[in-house]
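Visitor: Quick one: this structure, given as C-alpha cells, is what I'll be asking you about.
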Amino acid sequence: MESFSLILAIVVITALAFDFTNGFHDTANAMATTISTGALKPKIAVAMSAALNLVGAFLSVEVANTISKGLVDENGIRPEVIFAALVGAILWNLVTWLVGLPSSSSHALMGGLIGATVASAGFGAVHGDVLVTKVLLPAVAAPVVAGLAAAVSTRFSYAIGENADDNATRKGFRVGQIASAGLVSLAHGTNDAQKTMGIITLALIAGGSIAPGSNPPTWVILSAGLAIALGTYIGGWRIIRTMGKGLTDLQPQQGFAAQTSAATAILASSHLGFSLSTTHVVSGSVMGAGLGRKGGTVRWSTATRMLVAWLLTLPAAALVGALAESVTDLGDWGTAVVAVFLVASSAAIWKLSRREVVDSGNVNDTGAAEPDGVVTAAIAAVTPPPAGPVTDGLTATIPAPAPAPAPSAAPATDPAATV
C-alpha cells in the first residue's frame, strides 16, 4: 500500500465522494428510458445499473490515463490542487442535480481540474491539444452522431415491426431495451468510473506515492467502481424524470434504439481514450429517438436548458476550482476552510432538495413535464401519422355534421286568391 499523508487521504476521500455523485447524477443515462417506458421497475433498474457499473470499471484504463497523464502536466501539481478541482466538480454536480438537469459530470471534473491547475501553475500546465482532441471535439461530435444513429435506428425498429402484432412488438422491444440498458450501464462504468481512477492516480503521483506515468493501482480501480455503483443504486431520480419524461415521450422501440446507439458510441470512445460525456451522448440519443418516430416530438425548451448547462459546466467548475485553489494555497487552514465550505454547501443543497422529493414512487409522474413548444407543435402538425386503422380517439376529434333542417309545412292557400 502506498504511503499516505493527511492531505492525500483527504483528496482520495473527496475523489470517491465525487465518484458517488457521478453515480447518482448519471443513473439517468443508463436507466431513464427503461424506467419511463415501463420495461423495468425503478428499483430493479438502478440495482442492475449499479452492478454493471462496477463490472465496467474493470474493463479498461484508457480514459483514466487520459486524466492522469494527458490533460495537465503531472510535474508541480500538488494534492491541494486536485482537492480544489474536486470541490468545483462536486458542487456543480449537486447544483445541476437539484434542478434536475443532466449536465456532464465528466466535464465538471475536467473543468475543476483545469481551473485549479491554471490557478496553481498557469495556463502552460494544461495540455491544450489533449483538451481539444479528447475532450472538446468529442463533446460536440458525440451527441450529434449518437442522435443521428438513434433516429435511423428508431425508423428501422418501427419498420421491422410494422406488420407484427403491436403487443408482441412492444414486449419484444422491452426485452431488448433491458439488454441495451445493461450495455449502457457497462459502458458508463467503463468510461465514467475511470475518470475518478485517473484523478486519484494523479493525486498519488502528486503526493509522491507512485511514480509518474503509473497506471491506476488495483485498489483504486476497485474503490472507484464501488463508489460509482453505490451512487448509481441511490438513484438520481430528479434527472431520471427529466431524461425519461421531460425531454420527449418514448415508446419501447425508441428506448431500445436510443440506448443501443448511446452504448455503441460510449464503448468506442472508451477504447480510444476519449473522456466522453455519457450525458451528452445519451441526451443526443434520446432526442434522436424522439424525432425518429413518426409524430414523435422533443420538448425543445427542456433541451435548450440542458444545452445551456452543458456550455456552463466547464467554465463554472473551472471558476470554483480556481477559487478553491486560491484559498488552499494559503496553507492548511485554507484547505480546512474549503473542506468546511464543501460540506456545508452540500448539506444546504440536500436540504433544499427535500422541499420537493422525487423518488422511485413518483419518478414517472408527468405533471413535471413541460408542454410542447412552438417548434415541437409545428413538427407534429406536418408529420404524417403512422399507418393503421383510424382510432376512436381520432374520430372523436372530427365534428359530426349538423343535421339537415326539417322541411317546413307549406303555407295554407287562400281560395279567394286563386279566383
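Residues are named by chain letter and number: chains run A, B, ... in the order of the C-alpha cells, numbers start at 1 in each chain, and ligands are numbered from 1 in the order shown.
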Excluding stretch 188-192 of chain A and any residue of its chain fewer than 3 positions from it, enumerate the residues within 8 Å of it, using only C-alpha atoms, and give them as a ChimeraX atom specification.
Guide: /A:22,30,52-60,63,106,184-185,195-196,225,228,266-267,270,275-276,278
Visitor: Could you write out that same residue set with N, CA, C and O atoms as an mmCIF file, in the first residue's frame?
Guide:
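Result saved to out.cif:
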data_model
loop_
_atom_site.group_PDB
_atom_site.id
_atom_site.type_symbol
_atom_site.label_atom_id
_atom_site.label_comp_id
_atom_site.auth_asym_id
_atom_site.auth_seq_id
_atom_site.Cartn_x
_atom_site.Cartn_y
_atom_site.Cartn_z
ATOM 1 N N ASN A 22 -21.238 11.323 -9.118
ATOM 2 C CA ASN A 22 -21.260 10.967 -10.536
ATOM 3 C C ASN A 22 -22.224 9.814 -10.768
ATOM 4 O O ASN A 22 -22.976 9.801 -11.750
ATOM 5 N N ALA A 30 -28.298 5.619 -18.138
ATOM 6 C CA ALA A 30 -28.499 4.209 -18.443
ATOM 7 C C ALA A 30 -29.953 3.788 -18.325
ATOM 8 O O ALA A 30 -30.430 2.974 -19.115
ATOM 9 N N LEU A 52 -23.630 -3.386 -13.044
ATOM 10 C CA LEU A 52 -22.894 -3.344 -14.301
ATOM 11 C C LEU A 52 -21.901 -2.187 -14.344
ATOM 12 O O LEU A 52 -20.881 -2.264 -15.032
ATOM 13 N N ASN A 53 -22.183 -1.092 -13.611
ATOM 14 C CA ASN A 53 -21.197 -0.027 -13.480
ATOM 15 C C ASN A 53 -19.921 -0.548 -12.824
ATOM 16 O O ASN A 53 -18.807 -0.201 -13.218
ATOM 17 N N LEU A 54 -20.100 -1.382 -11.803
ATOM 18 C CA LEU A 54 -18.953 -1.954 -11.101
ATOM 19 C C LEU A 54 -18.148 -2.860 -12.028
ATOM 20 O O LEU A 54 -16.907 -2.791 -12.070
ATOM 21 N N VAL A 55 -18.835 -3.683 -12.797
ATOM 22 C CA VAL A 55 -18.140 -4.575 -13.734
ATOM 23 C C VAL A 55 -17.392 -3.757 -14.784
ATOM 24 O O VAL A 55 -16.230 -4.035 -15.116
ATOM 25 N N GLY A 56 -18.054 -2.710 -15.302
ATOM 26 C CA GLY A 56 -17.441 -1.900 -16.346
ATOM 27 C C GLY A 56 -16.170 -1.202 -15.911
ATOM 28 O O GLY A 56 -15.287 -0.924 -16.731
ATOM 29 N N ALA A 57 -16.061 -0.917 -14.621
ATOM 30 C CA ALA A 57 -14.874 -0.212 -14.121
ATOM 31 C C ALA A 57 -13.595 -1.019 -14.327
ATOM 32 O O ALA A 57 -12.497 -0.447 -14.345
ATOM 33 N N PHE A 58 -13.703 -2.338 -14.493
ATOM 34 C CA PHE A 58 -12.518 -3.185 -14.620
ATOM 35 C C PHE A 58 -12.143 -3.485 -16.066
ATOM 36 O O PHE A 58 -11.171 -4.196 -16.314
ATOM 37 N N LEU A 59 -12.893 -2.948 -17.036
ATOM 38 C CA LEU A 59 -12.673 -3.342 -18.420
ATOM 39 C C LEU A 59 -11.547 -2.594 -19.114
ATOM 40 O O LEU A 59 -11.006 -3.070 -20.111
ATOM 41 N N SER A 60 -11.197 -1.400 -18.649
ATOM 42 C CA SER A 60 -10.198 -0.596 -19.353
ATOM 43 C C SER A 60 -9.655 0.482 -18.424
ATOM 44 O O SER A 60 -10.278 0.825 -17.413
ATOM 45 N N VAL A 63 -9.235 5.767 -20.414
ATOM 46 C CA VAL A 63 -9.742 7.091 -20.039
ATOM 47 C C VAL A 63 -9.051 7.584 -18.774
ATOM 48 O O VAL A 63 -8.737 8.771 -18.645
ATOM 49 N N SER A 106 -18.372 14.449 -16.175
ATOM 50 C CA SER A 106 -17.019 14.383 -16.729
ATOM 51 C C SER A 106 -16.466 15.768 -16.977
ATOM 52 O O SER A 106 -15.322 16.080 -16.614
ATOM 53 N N VAL A 184 -25.481 0.062 -21.734
ATOM 54 C CA VAL A 184 -25.157 1.453 -21.397
ATOM 55 C C VAL A 184 -24.530 1.535 -20.009
ATOM 56 O O VAL A 184 -23.562 2.273 -19.783
ATOM 57 N N SER A 185 -25.072 0.777 -19.054
ATOM 58 C CA SER A 185 -24.512 0.777 -17.702
ATOM 59 C C SER A 185 -23.080 0.267 -17.703
ATOM 60 O O SER A 185 -22.204 0.821 -17.022
ATOM 61 N N LYS A 195 -12.647 8.081 -14.752
ATOM 62 C CA LYS A 195 -12.235 9.461 -14.531
ATOM 63 C C LYS A 195 -11.817 9.675 -13.076
ATOM 64 O O LYS A 195 -10.846 10.378 -12.793
ATOM 65 N N THR A 196 -12.536 9.042 -12.165
ATOM 66 C CA THR A 196 -12.127 9.122 -10.764
ATOM 67 C C THR A 196 -10.841 8.336 -10.532
ATOM 68 O O THR A 196 -9.970 8.763 -9.756
ATOM 69 N N GLY A 225 -14.876 1.880 -8.654
ATOM 70 C CA GLY A 225 -16.019 1.111 -9.148
ATOM 71 C C GLY A 225 -17.117 0.982 -8.108
ATOM 72 O O GLY A 225 -18.313 1.107 -8.415
ATOM 73 N N ILE A 228 -18.989 4.526 -7.561
ATOM 74 C CA ILE A 228 -19.942 4.904 -8.612
ATOM 75 C C ILE A 228 -21.130 3.946 -8.623
ATOM 76 O O ILE A 228 -22.264 4.353 -8.920
ATOM 77 N N ILE A 266 -20.335 5.211 -26.604
ATOM 78 C CA ILE A 266 -19.542 5.313 -25.373
ATOM 79 C C ILE A 266 -18.436 4.268 -25.344
ATOM 80 O O ILE A 266 -17.280 4.563 -24.991
ATOM 81 N N LEU A 267 -18.757 3.021 -25.722
ATOM 82 C CA LEU A 267 -17.739 1.968 -25.690
ATOM 83 C C LEU A 267 -16.624 2.244 -26.699
ATOM 84 O O LEU A 267 -15.445 2.020 -26.412
ATOM 85 N N SER A 270 -14.447 4.967 -25.198
ATOM 86 C CA SER A 270 -13.620 4.466 -24.100
ATOM 87 C C SER A 270 -12.411 3.715 -24.637
ATOM 88 O O SER A 270 -11.295 3.829 -24.112
ATOM 89 N N SER A 275 -12.302 11.124 -23.229
ATOM 90 C CA SER A 275 -13.005 11.381 -21.975
ATOM 91 C C SER A 275 -14.384 11.945 -22.313
ATOM 92 O O SER A 275 -14.655 13.133 -22.172
ATOM 93 N N LEU A 276 -15.237 11.055 -22.769
ATOM 94 C CA LEU A 276 -16.533 11.441 -23.320
ATOM 95 C C LEU A 276 -17.548 11.690 -22.218
ATOM 96 O O LEU A 276 -17.499 11.074 -21.161
ATOM 97 N N THR A 278 -20.970 10.875 -21.059
ATOM 98 C CA THR A 278 -22.071 9.958 -21.316
ATOM 99 C C THR A 278 -23.407 10.692 -21.308
ATOM 100 O O THR A 278 -24.345 10.296 -22.003
#
Visitor: For the atom pair atom CA of A:Thr201 and atom CA of A:Ala317, what is the interatomic distance in Å to one decimal place?
Guide: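 Straight-line distance from atom CA of A:Thr201 to atom CA of A:Ala317 works out to 20.5 Å.
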Visitor: So that I can check the surroundings of A:Ala28, please list as a list in words every protein, DNA and RNA residue that reaches within 7 Å of it, counting only C-alpha atoms and ignoring chain neighbours fewer than 6 positions away.
Guide: Gly236, Ile239, Ile240 and Met243 of chain A
Visitor: Pick the closest to A:Arg174 from A:Thr335, A:Ser353, A:Thr33, A:Thr232: which is it, counting only C-alpha atoms?
Guide: A:Thr33
Visitor: If you run DSSP over the backbone, which residues in stretch 76-140 of chain A end up alpha helix (DSSP H)? Put them as a ChimeraX atom specification.
Guide: /A:79-98,105-121,128-131,137-140
